[in-house]
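*Asks:* Structure: final_22.cif, mmCIF, C-alpha atoms.
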data_input
#
loop_
_atom_site.group_PDB
_atom_site.id
_atom_site.type_symbol
_atom_site.label_atom_id
_atom_site.label_comp_id
_atom_site.auth_asym_id
_atom_site.auth_seq_id
_atom_site.Cartn_x
_atom_site.Cartn_y
_atom_site.Cartn_z
ATOM 1 C CA MET A 521 0.000 0.000 0.000
ATOM 2 C CA HIS A 522 1.582 3.237 -1.155
ATOM 3 C CA LEU A 523 0.797 6.892 -0.671
ATOM 4 C CA LYS A 524 1.163 7.571 -4.396
ATOM 5 C CA LYS A 525 -1.564 5.075 -5.287
ATOM 6 C CA PHE A 526 -3.784 6.380 -2.479
ATOM 7 C CA ILE A 527 -3.491 9.925 -3.816
ATOM 8 C CA GLU A 528 -4.395 8.692 -7.311
ATOM 9 C CA ASP A 529 -7.429 6.936 -5.871
ATOM 10 C CA PHE A 530 -8.380 10.084 -3.965
ATOM 11 C CA GLU A 531 -8.094 12.211 -7.112
ATOM 12 C CA GLU A 532 -10.260 9.771 -9.029
ATOM 13 C CA ALA A 533 -12.836 9.716 -6.245
ATOM 14 C CA VAL A 534 -13.333 13.443 -5.785
ATOM 15 C CA GLU A 535 -13.039 14.156 -9.538
ATOM 16 C CA ASP A 536 -12.617 17.662 -10.899
ATOM 17 C CA VAL A 537 -9.026 17.858 -9.681
ATOM 18 C CA GLU A 538 -6.225 17.608 -12.193
ATOM 19 C CA SER A 539 -4.510 14.239 -12.123
ATOM 20 C CA GLY A 540 -1.164 14.521 -10.351
ATOM 21 C CA SER A 541 -2.007 17.906 -8.825
ATOM 22 C CA LEU A 542 -2.297 16.589 -5.254
ATOM 23 C CA SER A 543 0.452 15.458 -2.906
ATOM 24 C CA GLY A 544 0.795 14.050 0.588
ATOM 25 C CA GLU A 545 0.969 17.604 1.909
ATOM 26 C CA THR A 546 -2.346 18.627 0.326
ATOM 27 C CA VAL A 547 -4.876 19.846 2.893
ATOM 28 C CA TYR A 548 -7.821 18.079 1.329
ATOM 29 C CA ARG A 549 -10.494 19.985 3.253
ATOM 30 C CA SER A 550 -9.350 23.203 1.602
ATOM 31 C CA LEU A 551 -9.994 21.806 -1.874
ATOM 32 C CA GLU A 552 -12.765 23.514 -3.786
ATOM 33 C CA VAL A 553 -14.317 20.125 -4.552
ATOM 34 C CA TRP A 554 -14.464 19.107 -0.884
ATOM 35 C CA ASP A 555 -18.176 18.961 0.001
ATOM 36 C CA SER A 556 -20.620 16.526 1.603
ATOM 37 C CA LEU A 557 -20.709 14.301 -1.476
ATOM 38 C CA ALA A 558 -16.899 14.243 -1.575
ATOM 39 C CA VAL A 559 -16.889 13.118 2.065
ATOM 40 C CA LEU A 560 -19.210 10.212 1.268
ATOM 41 C CA THR A 561 -17.361 9.390 -1.946
ATOM 42 C CA VAL A 562 -13.937 9.207 -0.299
ATOM 43 C CA LEU A 563 -15.301 7.080 2.552
ATOM 44 C CA SER A 564 -16.862 4.744 -0.023
ATOM 45 C CA MET A 565 -13.680 4.641 -2.097
ATOM 46 C CA VAL A 566 -11.624 3.672 0.951
ATOM 47 C CA ASP A 567 -14.172 0.976 1.804
ATOM 48 C CA ALA A 568 -14.250 -0.415 -1.756
ATOM 49 C CA GLU A 569 -10.537 -0.158 -2.575
ATOM 50 C CA TYR A 570 -8.870 -0.692 0.817
ATOM 51 C CA GLY A 571 -11.474 -2.661 2.772
ATOM 52 C CA VAL A 572 -11.537 -0.049 5.530
ATOM 53 C CA ARG A 573 -14.876 1.251 6.775
ATOM 54 C CA LEU A 574 -14.123 4.734 8.074
ATOM 55 C CA LYS A 575 -16.507 7.130 9.741
ATOM 56 C CA ALA A 576 -16.805 10.746 8.659
ATOM 57 C CA ASP A 577 -15.150 11.954 11.848
ATOM 58 C CA VAL A 578 -11.877 10.544 10.500
ATOM 59 C CA PHE A 579 -11.551 13.784 8.571
ATOM 60 C CA LYS A 580 -11.233 15.658 11.863
ATOM 61 C CA ARG A 581 -8.196 13.615 12.842
ATOM 62 C CA GLY A 582 -5.872 15.068 10.243
ATOM 63 C CA GLU A 583 -5.563 17.658 7.562
ATOM 64 C CA THR A 584 -3.319 16.246 4.860
ATOM 65 C CA LEU A 585 -3.666 13.341 2.476
ATOM 66 C CA ALA A 586 -0.588 11.745 4.045
ATOM 67 C CA GLU A 587 -2.285 11.813 7.451
ATOM 68 C CA LEU A 588 -5.467 10.329 5.996
ATOM 69 C CA PHE A 589 -3.443 7.643 4.266
ATOM 70 C CA ALA A 590 -1.731 6.796 7.562
ATOM 71 C CA VAL A 591 -5.118 6.112 9.167
ATOM 72 C CA VAL A 592 -6.215 3.920 6.254
ATOM 73 C CA LYS A 593 -2.921 2.023 6.296
ATOM 74 C CA GLU A 594 -3.162 1.442 10.011
ATOM 75 C CA LEU A 595 -6.676 -0.012 9.733
ATOM 76 C CA SER A 596 -6.288 -1.937 6.506
ATOM 77 C CA THR A 597 -5.821 -5.666 6.562
ATOM 78 C CA LEU A 598 -5.301 -5.946 2.808
ATOM 79 C CA MET B 443 -51.664 -1.221 32.104
ATOM 80 C CA SER B 444 -54.892 -1.870 30.222
ATOM 81 C CA ARG B 445 -54.556 -4.070 27.160
ATOM 82 C CA LEU B 446 -57.925 -3.071 25.817
ATOM 83 C CA GLY B 447 -57.632 -1.340 22.485
ATOM 84 C CA ARG B 448 -58.335 -1.396 18.798
ATOM 85 C CA PHE B 449 -56.080 -4.414 18.260
ATOM 86 C CA GLN B 450 -57.434 -6.523 21.095
ATOM 87 C CA GLY B 451 -57.340 -10.180 20.092
ATOM 88 C CA ARG B 452 -55.660 -9.407 16.772
ATOM 89 C CA GLN B 453 -52.559 -11.357 15.865
ATOM 90 C CA ILE B 454 -49.782 -9.291 14.346
ATOM 91 C CA LEU B 455 -46.411 -10.499 13.100
ATOM 92 C CA LEU B 456 -43.725 -7.841 13.415
ATOM 93 C CA VAL B 457 -40.603 -8.484 11.341
ATOM 94 C CA GLY B 458 -37.646 -6.356 12.338
ATOM 95 C CA ALA B 459 -38.689 -5.791 15.922
ATOM 96 C CA THR B 460 -35.282 -4.975 17.342
ATOM 97 C CA GLY B 461 -34.596 -1.665 15.617
ATOM 98 C CA ASN B 462 -35.721 1.606 17.180
ATOM 99 C CA LEU B 463 -38.780 1.753 14.932
ATOM 100 C CA GLY B 464 -39.664 -1.922 15.393
ATOM 101 C CA ALA B 465 -39.393 -1.732 19.169
ATOM 102 C CA ALA B 466 -41.467 1.461 19.348
ATOM 103 C CA LEU B 467 -44.098 -0.169 17.151
ATOM 104 C CA ALA B 468 -44.122 -3.342 19.241
ATOM 105 C CA ARG B 469 -44.759 -1.345 22.428
ATOM 106 C CA SER B 470 -47.457 0.752 20.753
ATOM 107 C CA LEU B 471 -49.302 -2.248 19.302
ATOM 108 C CA TRP B 472 -49.009 -4.115 22.604
ATOM 109 C CA GLU B 473 -50.543 -1.163 24.477
ATOM 110 C CA GLN B 474 -53.408 -1.254 21.973
ATOM 111 C CA GLY B 475 -54.111 -4.886 22.783
ATOM 112 C CA ALA B 476 -52.395 -6.702 19.906
ATOM 113 C CA GLU B 477 -51.234 -10.279 20.264
ATOM 114 C CA LEU B 478 -47.741 -9.915 18.896
ATOM 115 C CA TYR B 479 -45.269 -12.316 17.378
ATOM 116 C CA LEU B 480 -41.808 -10.808 17.023
ATOM 117 C CA THR B 481 -38.821 -11.526 14.826
ATOM 118 C CA GLY B 482 -35.498 -9.795 14.441
ATOM 119 C CA ARG B 483 -31.788 -10.331 13.982
ATOM 120 C CA ASN B 484 -30.494 -9.252 17.373
ATOM 121 C CA GLU B 485 -31.086 -12.087 19.821
ATOM 122 C CA THR B 486 -30.350 -10.040 22.937
ATOM 123 C CA LYS B 487 -32.651 -7.168 22.005
ATOM 124 C CA LEU B 488 -35.344 -9.535 20.769
ATOM 125 C CA SER B 489 -35.253 -11.553 23.945
ATOM 126 C CA LEU B 490 -35.424 -8.443 26.149
ATOM 127 C CA LEU B 491 -38.350 -6.981 24.204
ATOM 128 C CA SER B 492 -40.133 -10.322 24.293
ATOM 129 C CA GLN B 493 -39.706 -10.505 28.079
ATOM 130 C CA GLU B 494 -40.793 -6.900 28.555
ATOM 131 C CA LEU B 495 -44.045 -7.433 26.662
ATOM 132 C CA ASP B 496 -44.443 -11.124 27.501
ATOM 133 C CA VAL B 497 -44.906 -12.060 23.871
ATOM 134 C CA PRO B 498 -43.357 -14.870 21.799
ATOM 135 C CA PHE B 499 -40.522 -14.350 19.378
ATOM 136 C CA CYS B 500 -38.738 -16.255 16.655
ATOM 137 C CA LEU B 501 -35.056 -15.655 15.963
ATOM 138 C CA VAL B 502 -34.528 -16.407 12.268
ATOM 139 C CA ASP B 503 -32.296 -15.397 9.417
ATOM 140 C CA LEU B 504 -34.847 -14.191 6.897
ATOM 141 C CA SER B 505 -32.264 -14.052 4.128
ATOM 142 C CA THR B 506 -32.438 -17.861 3.996
ATOM 143 C CA SER B 507 -35.331 -19.972 2.753
ATOM 144 C CA GLU B 508 -34.960 -22.193 5.839
ATOM 145 C CA GLY B 509 -35.347 -19.201 8.141
ATOM 146 C CA ARG B 510 -38.423 -17.948 6.329
ATOM 147 C CA ALA B 511 -39.982 -21.409 6.297
ATOM 148 C CA ARG B 512 -39.503 -21.696 10.053
ATOM 149 C CA LEU B 513 -41.123 -18.308 10.638
ATOM 150 C CA VAL B 514 -44.104 -19.127 8.424
ATOM 151 C CA ASP B 515 -44.485 -22.470 10.154
ATOM 152 C CA GLN B 516 -44.435 -20.966 13.639
ATOM 153 C CA ALA B 517 -46.625 -17.939 12.907
ATOM 154 C CA GLY B 518 -50.276 -18.160 13.911
ATOM 155 C CA LEU B 519 -53.254 -17.049 11.891
ATOM 156 C CA LEU B 520 -52.498 -13.389 11.284
ATOM 157 C CA ASP B 521 -54.584 -10.234 11.205
ATOM 158 C CA GLY B 522 -51.578 -8.121 10.383
ATOM 159 C CA LEU B 523 -47.992 -8.195 9.209
ATOM 160 C CA VAL B 524 -45.426 -5.411 9.464
ATOM 161 C CA TYR B 525 -42.137 -5.744 7.633
ATOM 162 C CA SER B 526 -39.685 -3.336 9.229
ATOM 163 C CA ALA B 527 -36.396 -5.101 8.527
ATOM 164 C CA GLY B 528 -33.914 -3.540 6.162
ATOM 165 C CA VAL B 529 -30.451 -2.295 5.367
ATOM 166 C CA ALA B 530 -29.284 0.942 3.762
ATOM 167 C CA PRO B 531 -25.841 0.803 2.180
ATOM 168 C CA LEU B 532 -24.750 4.384 1.626
ATOM 169 C CA ALA B 533 -22.304 4.893 -1.245
ATOM 170 C CA PRO B 534 -22.114 6.634 -4.602
ATOM 171 C CA VAL B 535 -22.839 4.167 -7.408
ATOM 172 C CA ARG B 536 -19.188 4.283 -8.508
ATOM 173 C CA TYR B 537 -18.167 2.617 -5.240
ATOM 174 C CA LEU B 538 -21.269 0.560 -4.513
ATOM 175 C CA LYS B 539 -20.177 -2.990 -3.715
ATOM 176 C CA ASP B 540 -21.921 -5.910 -5.413
ATOM 177 C CA ALA B 541 -22.559 -7.636 -2.101
ATOM 178 C CA ASP B 542 -24.078 -4.519 -0.503
ATOM 179 C CA LEU B 543 -26.367 -3.887 -3.472
ATOM 180 C CA GLU B 544 -27.541 -7.481 -3.608
ATOM 181 C CA ALA B 545 -28.079 -7.726 0.146
ATOM 182 C CA CYS B 546 -30.068 -4.492 0.118
ATOM 183 C CA LEU B 547 -32.372 -5.550 -2.711
ATOM 184 C CA HIS B 548 -32.768 -8.996 -1.167
ATOM 185 C CA LEU B 549 -33.602 -7.987 2.392
ATOM 186 C CA ASN B 550 -35.570 -4.836 1.561
ATOM 187 C CA THR B 551 -37.551 -6.075 -1.451
ATOM 188 C CA VAL B 552 -37.287 -9.788 -2.176
ATOM 189 C CA VAL B 553 -37.741 -11.084 1.368
ATOM 190 C CA PRO B 554 -40.920 -9.129 2.214
ATOM 191 C CA LEU B 555 -42.478 -10.308 -1.060
ATOM 192 C CA ILE B 556 -41.502 -13.926 -0.561
ATOM 193 C CA LEU B 557 -42.578 -13.877 3.065
ATOM 194 C CA ALA B 558 -45.981 -12.470 2.149
ATOM 195 C CA ARG B 559 -46.290 -15.043 -0.628
ATOM 196 C CA ASP B 560 -45.455 -17.908 1.686
ATOM 197 C CA LEU B 561 -47.806 -16.709 4.421
ATOM 198 C CA LEU B 562 -50.542 -16.417 1.827
ATOM 199 C CA LYS B 563 -49.916 -19.874 0.391
ATOM 200 C CA SER B 564 -49.844 -21.318 3.904
ATOM 201 C CA LYS B 565 -53.186 -19.619 4.593
ATOM 202 C CA LYS B 566 -51.710 -17.773 7.551
ATOM 203 C CA LEU B 567 -53.289 -14.437 6.559
ATOM 204 C CA LYS B 568 -56.887 -13.948 7.626
ATOM 205 C CA THR B 569 -59.503 -12.443 5.375
ATOM 206 C CA GLY B 570 -59.379 -8.721 6.040
ATOM 207 C CA SER B 571 -55.778 -8.780 7.187
ATOM 208 C CA SER B 572 -53.497 -5.810 6.649
ATOM 209 C CA LEU B 573 -49.883 -5.856 5.462
ATOM 210 C CA VAL B 574 -47.655 -2.836 6.041
ATOM 211 C CA TRP B 575 -44.193 -2.588 4.528
ATOM 212 C CA ILE B 576 -41.737 0.109 5.543
ATOM 213 C CA SER B 577 -40.562 2.136 2.582
ATOM 214 C CA SER B 578 -38.756 5.484 2.637
ATOM 215 C CA ILE B 579 -39.075 8.973 1.219
ATOM 216 C CA VAL B 580 -36.040 8.195 -0.951
ATOM 217 C CA ALA B 581 -38.312 5.915 -3.011
ATOM 218 C CA SER B 582 -39.721 9.051 -4.609
ATOM 219 C CA ARG B 583 -36.721 11.407 -4.468
ATOM 220 C CA GLY B 584 -33.224 11.312 -5.878
ATOM 221 C CA VAL B 585 -30.671 11.388 -3.064
ATOM 222 C CA ALA B 586 -26.979 10.987 -3.878
ATOM 223 C CA GLY B 587 -25.501 7.892 -2.259
ATOM 224 C CA TYR B 588 -28.828 6.112 -1.786
ATOM 225 C CA ALA B 589 -29.246 4.365 -5.166
ATOM 226 C CA ALA B 590 -29.437 0.841 -3.731
ATOM 227 C CA TYR B 591 -31.754 1.745 -0.888
ATOM 228 C CA ALA B 592 -33.987 3.939 -3.060
ATOM 229 C CA ALA B 593 -34.256 1.227 -5.710
ATOM 230 C CA SER B 594 -35.205 -1.363 -3.107
ATOM 231 C CA LYS B 595 -37.911 0.845 -1.608
ATOM 232 C CA ALA B 596 -39.333 2.051 -4.933
ATOM 233 C CA ALA B 597 -39.597 -1.580 -6.016
ATOM 234 C CA LEU B 598 -41.296 -2.437 -2.746
ATOM 235 C CA GLU B 599 -43.890 0.290 -3.260
ATOM 236 C CA ALA B 600 -44.527 -0.875 -6.834
ATOM 237 C CA ALA B 601 -44.936 -4.460 -5.634
ATOM 238 C CA ALA B 602 -47.317 -3.310 -2.903
ATOM 239 C CA ARG B 603 -49.620 -1.721 -5.483
ATOM 240 C CA CYS B 604 -49.753 -4.926 -7.538
ATOM 241 C CA PHE B 605 -50.115 -7.159 -4.506
ATOM 242 C CA ALA B 606 -52.878 -4.928 -3.148
ATOM 243 C CA LEU B 607 -54.944 -5.506 -6.282
ATOM 244 C CA GLU B 608 -54.420 -9.257 -6.097
ATOM 245 C CA LEU B 609 -55.505 -9.391 -2.450
ATOM 246 C CA ALA B 610 -58.382 -6.912 -2.594
ATOM 247 C CA PRO B 611 -60.997 -9.565 -3.446
ATOM 248 C CA LYS B 612 -60.138 -11.238 -0.137
ATOM 249 C CA GLY B 613 -60.508 -7.976 1.744
ATOM 250 C CA MET B 614 -56.780 -7.962 2.441
ATOM 251 C CA ARG B 615 -54.817 -4.755 2.176
ATOM 252 C CA VAL B 616 -51.190 -3.910 1.411
ATOM 253 C CA ASN B 617 -49.738 -0.482 2.138
ATOM 254 C CA CYS B 618 -46.386 1.151 2.701
ATOM 255 C CA VAL B 619 -45.257 3.783 5.150
ATOM 256 C CA ALA B 620 -42.495 6.017 3.815
ATOM 257 C CA PRO B 621 -40.667 7.733 6.664
ATOM 258 C CA GLY B 622 -38.088 10.443 6.504
ATOM 259 C CA MET B 623 -34.991 10.102 8.618
ATOM 260 C CA ILE B 624 -35.996 9.485 12.210
ATOM 261 C CA GLN B 625 -33.999 8.852 15.358
ATOM 262 C CA SER B 626 -32.860 5.306 14.642
ATOM 263 C CA GLU B 627 -29.866 3.033 14.174
ATOM 264 C CA MET B 628 -30.160 3.533 10.420
ATOM 265 C CA ALA B 629 -29.924 7.311 10.869
ATOM 266 C CA ASP B 630 -26.930 6.889 13.176
ATOM 267 C CA GLU B 631 -25.225 4.705 10.589
ATOM 268 C CA ALA B 632 -25.903 7.267 7.858
ATOM 269 C CA ALA B 633 -24.561 10.049 10.068
ATOM 270 C CA HIS B 634 -21.266 8.189 10.351
ATOM 271 C CA ARG B 635 -20.899 8.406 6.559
ATOM 272 C CA LEU B 636 -21.823 12.062 6.178
ATOM 273 C CA SER B 637 -20.282 15.297 7.349
ATOM 274 C CA ASP B 638 -21.689 16.959 10.471
ATOM 275 C CA GLU B 639 -22.730 19.925 8.353
ATOM 276 C CA HIS B 640 -24.651 17.697 5.945
ATOM 277 C CA VAL B 641 -26.492 15.885 8.749
ATOM 278 C CA ALA B 642 -27.361 19.161 10.495
ATOM 279 C CA ALA B 643 -28.654 20.669 7.242
ATOM 280 C CA HIS B 644 -30.752 17.578 6.526
ATOM 281 C CA PHE B 645 -32.429 17.559 9.918
ATOM 282 C CA LYS B 646 -33.046 21.299 9.651
ATOM 283 C CA ALA B 647 -34.993 20.715 6.420
ATOM 284 C CA TYR B 648 -37.874 18.977 8.233
ATOM 285 C CA PRO B 649 -40.625 21.603 8.685
ATOM 286 C CA LEU B 650 -41.983 19.755 11.728
ATOM 287 C CA GLY B 651 -38.553 19.021 13.180
ATOM 288 C CA LEU B 652 -36.862 15.698 13.770
ATOM 289 C CA GLY B 653 -39.126 12.661 13.728
ATOM 290 C CA ARG B 654 -39.306 9.962 16.390
ATOM 291 C CA PRO B 655 -39.937 6.241 15.931
ATOM 292 C CA ALA B 656 -43.293 6.713 17.691
ATOM 293 C CA ASP B 657 -44.379 9.127 14.953
ATOM 294 C CA VAL B 658 -43.918 6.420 12.327
ATOM 295 C CA ALA B 659 -45.385 3.729 14.588
ATOM 296 C CA SER B 660 -48.621 5.737 14.789
ATOM 297 C CA ALA B 661 -48.956 5.752 11.009
ATOM 298 C CA ILE B 662 -48.290 2.005 10.843
ATOM 299 C CA SER B 663 -50.920 1.389 13.525
ATOM 300 C CA PHE B 664 -53.432 3.351 11.481
ATOM 301 C CA LEU B 665 -52.761 1.285 8.357
ATOM 302 C CA LEU B 666 -53.041 -1.940 10.356
ATOM 303 C CA SER B 667 -56.340 -0.888 11.872
ATOM 304 C CA GLU B 668 -59.912 -1.046 10.650
ATOM 305 C CA GLU B 669 -59.844 2.748 10.443
ATOM 306 C CA SER B 670 -57.957 2.392 7.162
ATOM 307 C CA ARG B 671 -60.154 -0.391 5.777
ATOM 308 C CA TRP B 672 -60.723 1.493 2.490
ATOM 309 C CA ILE B 673 -57.044 2.261 1.882
ATOM 310 C CA THR B 674 -54.842 -0.128 -0.062
ATOM 311 C CA GLY B 675 -51.877 0.000 -2.434
ATOM 312 C CA GLU B 676 -50.795 3.345 -0.999
ATOM 313 C CA SER B 677 -47.533 4.679 0.321
ATOM 314 C CA LEU B 678 -48.001 7.115 3.171
ATOM 315 C CA PRO B 679 -45.193 9.652 3.641
ATOM 316 C CA VAL B 680 -44.419 10.284 7.310
ATOM 317 C CA ASP B 681 -41.732 12.901 7.015
ATOM 318 C CA GLY B 682 -42.591 15.976 9.021
ATOM 319 C CA GLY B 683 -43.426 17.798 5.801
ATOM 320 C CA LEU B 684 -40.012 17.282 4.179
ATOM 321 C CA LEU B 685 -41.240 16.256 0.727
ATOM 322 C CA MET B 686 -43.850 19.005 0.721
ATOM 323 C CA GLY B 687 -41.192 21.537 1.640
ATOM 324 C CA LEU B 688 -38.853 20.327 -1.086
ATOM 325 C CA SER B 689 -41.657 20.455 -3.673
ATOM 326 C CA SER B 690 -42.596 23.989 -2.661
ATOM 327 C CA SER B 691 -39.040 25.280 -2.723
ATOM 328 C CA GLY B 692 -38.546 23.675 -6.107
ATOM 329 C CA MET B 693 -41.339 25.808 -7.560
ATOM 330 C CA HIS B 694 -39.601 29.089 -6.846
#
Represent the structure contained in this file as structure tokens.
*Replies:*
Amino acid sequence: MHLKKFIEDFEEAVEDVESGSLSGETVYRSLEVWDSLAVLTVLSMVDAEYGVRLKADVFKRGETLAELFAVVKELSTL
Amino acid sequence: MSRLGRFQGRQILLVGATGNLGAALARSLWEQGAELYLTGRNETKLSLLSQELDVPFCLVDLSTSEGRARLVDQAGLLDGLVYSAGVAPLAPVRYLKDADLEACLHLNTVVPLILARDLLKSKKLKTGSSLVWISSIVASRGVAGYAAYAASKAALEAAARCFALELAPKGMRVNCVAPGMIQSEMADEAAHRLSDEHVAAHFKAYPLGLGRPADVASAISFLLSEESRWITGESLPVDGGLLMGLSSSGMH
């Protein structure tokens, strides 16, 4: 499981962001596309692609994609 | 507490008795004199509710034909059936898992139909009996993330209309209740998948405020009762005015 792939999956999930424009340091909540549907979509993507069922409050635990990835990696059994 | 009421002596099978709505309905029907038979998936909750009301229960897995056969076999001659079991996988279609979609359509749509069919074929439904299936307001509205759930409930409502026509000559009725989001486990589960802001905005959209399980139980009781004897094939929204409010705002 790699951060690079996770960021690609995130970009595909939220759509409307240029491929390769995000990095581990990106504060995802500041993205223009970050809204309630993006929240649900990213949670669903993580569930479908990484087998991790997160709750929406996970987004309060960190700000960057690298921090979000760390949570997913910690919980994933894949 | 008096057990005299409009359901005195009437046998009602309640499927999905362990959720917030099911439990509220069980207590309401019991207070109105119903002779209840409960089923559900949570053995602990089912057992406690059964003890509280001193009514029988049957712990079965309704997703299996064996489980349904056992329930039909053990059920008495029924005046009413309420199907309140269900699941609501919340995900955009792009990330909807096969298993979640299939389980949702099976438990929310296929099982209530098959159960009703089997009760009918086993002659467990009395002439004049009333069937009430729990639908949802999403059956008639597009809500992002709810494709599986909405499809299952819209199909259930469509089936209810057809079934109602087939049963009308026997004086039997089939109706749906379509609640908005009420205080329940399903709402809690949805809230875990949505942002706080989204949940707060949704609840704020109900003109009559947040609904309680008892509010929906009252509507179900009405459709089970003789007071609704000339109503069949309908889906009754119980949503604190949400759909009305959305329709009105959409006109401006």
*Asks:* So what does the PyMOL selection byres ((chain A and resi 542) around 12) actually pick up in this one, as an MDAnalysis selection string?
*Replies:* chainID A and resid 523:532 534:541 543:548 550:551 584:586
*Asks:* Should the cut-off be 7 Å, what would the residue list for chain B against chain A look like, counting all atoms listed in the file, as a list of chain:residue names?
*Replies:*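 Within 7 Å of chain A on chain B, we get B:Ala533, B:Pro534, B:Tyr537, B:Lys539, B:His634, B:Arg635, B:Leu636, B:Ser637, B:His640.
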*Asks:* Save out the residues we just selected, C-alpha atoms, as a PDB file, keeping the file's coordinate frame.
*Replies:*
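Once everything was written out, this is again.pdb:
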ATOM      1  CA  ALA B 533     -22.304   4.893  -1.245  1.00  0.00           C
ATOM      2  CA  PRO B 534     -22.114   6.634  -4.602  1.00  0.00           C
ATOM      3  CA  TYR B 537     -18.167   2.617  -5.240  1.00  0.00           C
ATOM      4  CA  LYS B 539     -20.177  -2.990  -3.715  1.00  0.00           C
ATOM      5  CA  HIS B 634     -21.266   8.189  10.351  1.00  0.00           C
ATOM      6  CA  ARG B 635     -20.899   8.406   6.559  1.00  0.00           C
ATOM      7  CA  LEU B 636     -21.823  12.062   6.178  1.00  0.00           C
ATOM      8  CA  SER B 637     -20.282  15.297   7.349  1.00  0.00           C
ATOM      9  CA  HIS B 640     -24.651  17.697   5.945  1.00  0.00           C
TER      10      HIS B 640
END
*Asks:* Selected by the PyMOL selection byres ((chain B and resi 494-497) around 12) in the shown coordinates: which residues, as a ChimeraX atom specification?
*Replies:* /B:443,445,453-456,459,465-473,475-481,487-493,498-500
*Asks:* Which residues come within 6 Å of Ser594 of chain B, counting only C-alpha atoms, excluding same-chain residues fewer than 3 positions away, as an NGL selection string?
*Replies:* :B and (547 or 550-551 or 591 or 597)
*Asks:* Export, as a short mmCIF file (atom, residue, chain, number, x, y, z; two decimals), keeping the file's coordinate frame, the selected residues with C-alpha atoms.
*Replies:*
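What follows is the written file selection.cif:
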data_model
loop_
_atom_site.label_atom_id
_atom_site.label_comp_id
_atom_site.auth_asym_id
_atom_site.auth_seq_id
_atom_site.Cartn_x
_atom_site.Cartn_y
_atom_site.Cartn_z
CA LEU B 547 -32.37 -5.55 -2.71
CA ASN B 550 -35.57 -4.84 1.56
CA THR B 551 -37.55 -6.08 -1.45
CA TYR B 591 -31.75 1.74 -0.89
CA ALA B 597 -39.60 -1.58 -6.02
#
*Asks:* Using atom CA of Ser577 of chain B and atom CA of Val619 of chain B as the two end points, give the distance in Å to one decimal.
*Replies:*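 Computing it gives 5.6 Å between the two atoms.
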*Asks:* Any idea what the distance is between atom CA of Gly622 of chain B and atom CA of Ile579 of chain B?
*Replies:* 5.6 Å
*Asks:* Name every residue that the PyMOL selection byres ((chain B and resi 649) around 8) selects in this structure, writing the answer as a count of residues only with chains first and numbers rising.
*Replies:* 9
*Asks:* Any chance you could build segment 573-584 of chain A out to N, CA and C atoms and write it as a PDB file, keeping the file's coordinate frame?
*Replies:*
ATOM      1  N   ARG A 573     -13.608   0.524   6.627  1.00  0.00           N
ATOM      2  CA  ARG A 573     -14.876   1.251   6.775  1.00  0.00           C
ATOM      3  C   ARG A 573     -14.673   2.394   7.773  1.00  0.00           C
ATOM      4  N   LEU A 574     -14.374   3.553   7.233  1.00  0.00           N
ATOM      5  CA  LEU A 574     -14.123   4.734   8.074  1.00  0.00           C
ATOM      6  C   LEU A 574     -15.429   5.453   8.390  1.00  0.00           C
ATOM      7  N   LYS A 575     -15.388   6.233   9.445  1.00  0.00           N
ATOM      8  CA  LYS A 575     -16.507   7.130   9.741  1.00  0.00           C
ATOM      9  C   LYS A 575     -16.092   8.546   9.367  1.00  0.00           C
ATOM     10  N   ALA A 576     -17.091   9.392   9.157  1.00  0.00           N
ATOM     11  CA  ALA A 576     -16.805  10.746   8.659  1.00  0.00           C
ATOM     12  C   ALA A 576     -15.935  11.544   9.620  1.00  0.00           C
ATOM     13  N   ASP A 577     -15.968  11.178  10.909  1.00  0.00           N
ATOM     14  CA  ASP A 577     -15.150  11.954  11.848  1.00  0.00           C
ATOM     15  C   ASP A 577     -13.652  11.713  11.661  1.00  0.00           C
ATOM     16  N   VAL A 578     -13.295  10.759  10.785  1.00  0.00           N
ATOM     17  CA  VAL A 578     -11.877  10.544  10.500  1.00  0.00           C
ATOM     18  C   VAL A 578     -11.259  11.806   9.892  1.00  0.00           C
ATOM     19  N   PHE A 579     -12.074  12.587   9.226  1.00  0.00           N
ATOM     20  CA  PHE A 579     -11.551  13.784   8.571  1.00  0.00           C
ATOM     21  C   PHE A 579     -11.215  14.902   9.567  1.00  0.00           C
ATOM     22  N   LYS A 580     -11.603  14.678  10.832  1.00  0.00           N
ATOM     23  CA  LYS A 580     -11.233  15.658  11.863  1.00  0.00           C
ATOM     24  C   LYS A 580      -9.892  15.288  12.505  1.00  0.00           C
ATOM     25  N   ARG A 581      -9.417  14.090  12.184  1.00  0.00           N
ATOM     26  CA  ARG A 581      -8.196  13.615  12.842  1.00  0.00           C
ATOM     27  C   ARG A 581      -6.923  14.085  12.144  1.00  0.00           C
ATOM     28  N   GLY A 582      -7.058  14.610  10.957  1.00  0.00           N
ATOM     29  CA  GLY A 582      -5.872  15.068  10.243  1.00  0.00           C
ATOM     30  C   GLY A 582      -6.250  16.064   9.173  1.00  0.00           C
ATOM     31  N   GLU A 583      -5.269  16.641   8.576  1.00  0.00           N
ATOM     32  CA  GLU A 583      -5.563  17.658   7.562  1.00  0.00           C
ATOM     33  C   GLU A 583      -5.055  17.263   6.186  1.00  0.00           C
ATOM     34  N   THR A 584      -3.946  16.521   6.154  1.00  0.00           N
ATOM     35  CA  THR A 584      -3.319  16.246   4.860  1.00  0.00           C
ATOM     36  C   THR A 584      -3.660  14.846   4.350  1.00  0.00           C
TER      37      THR A 584
END
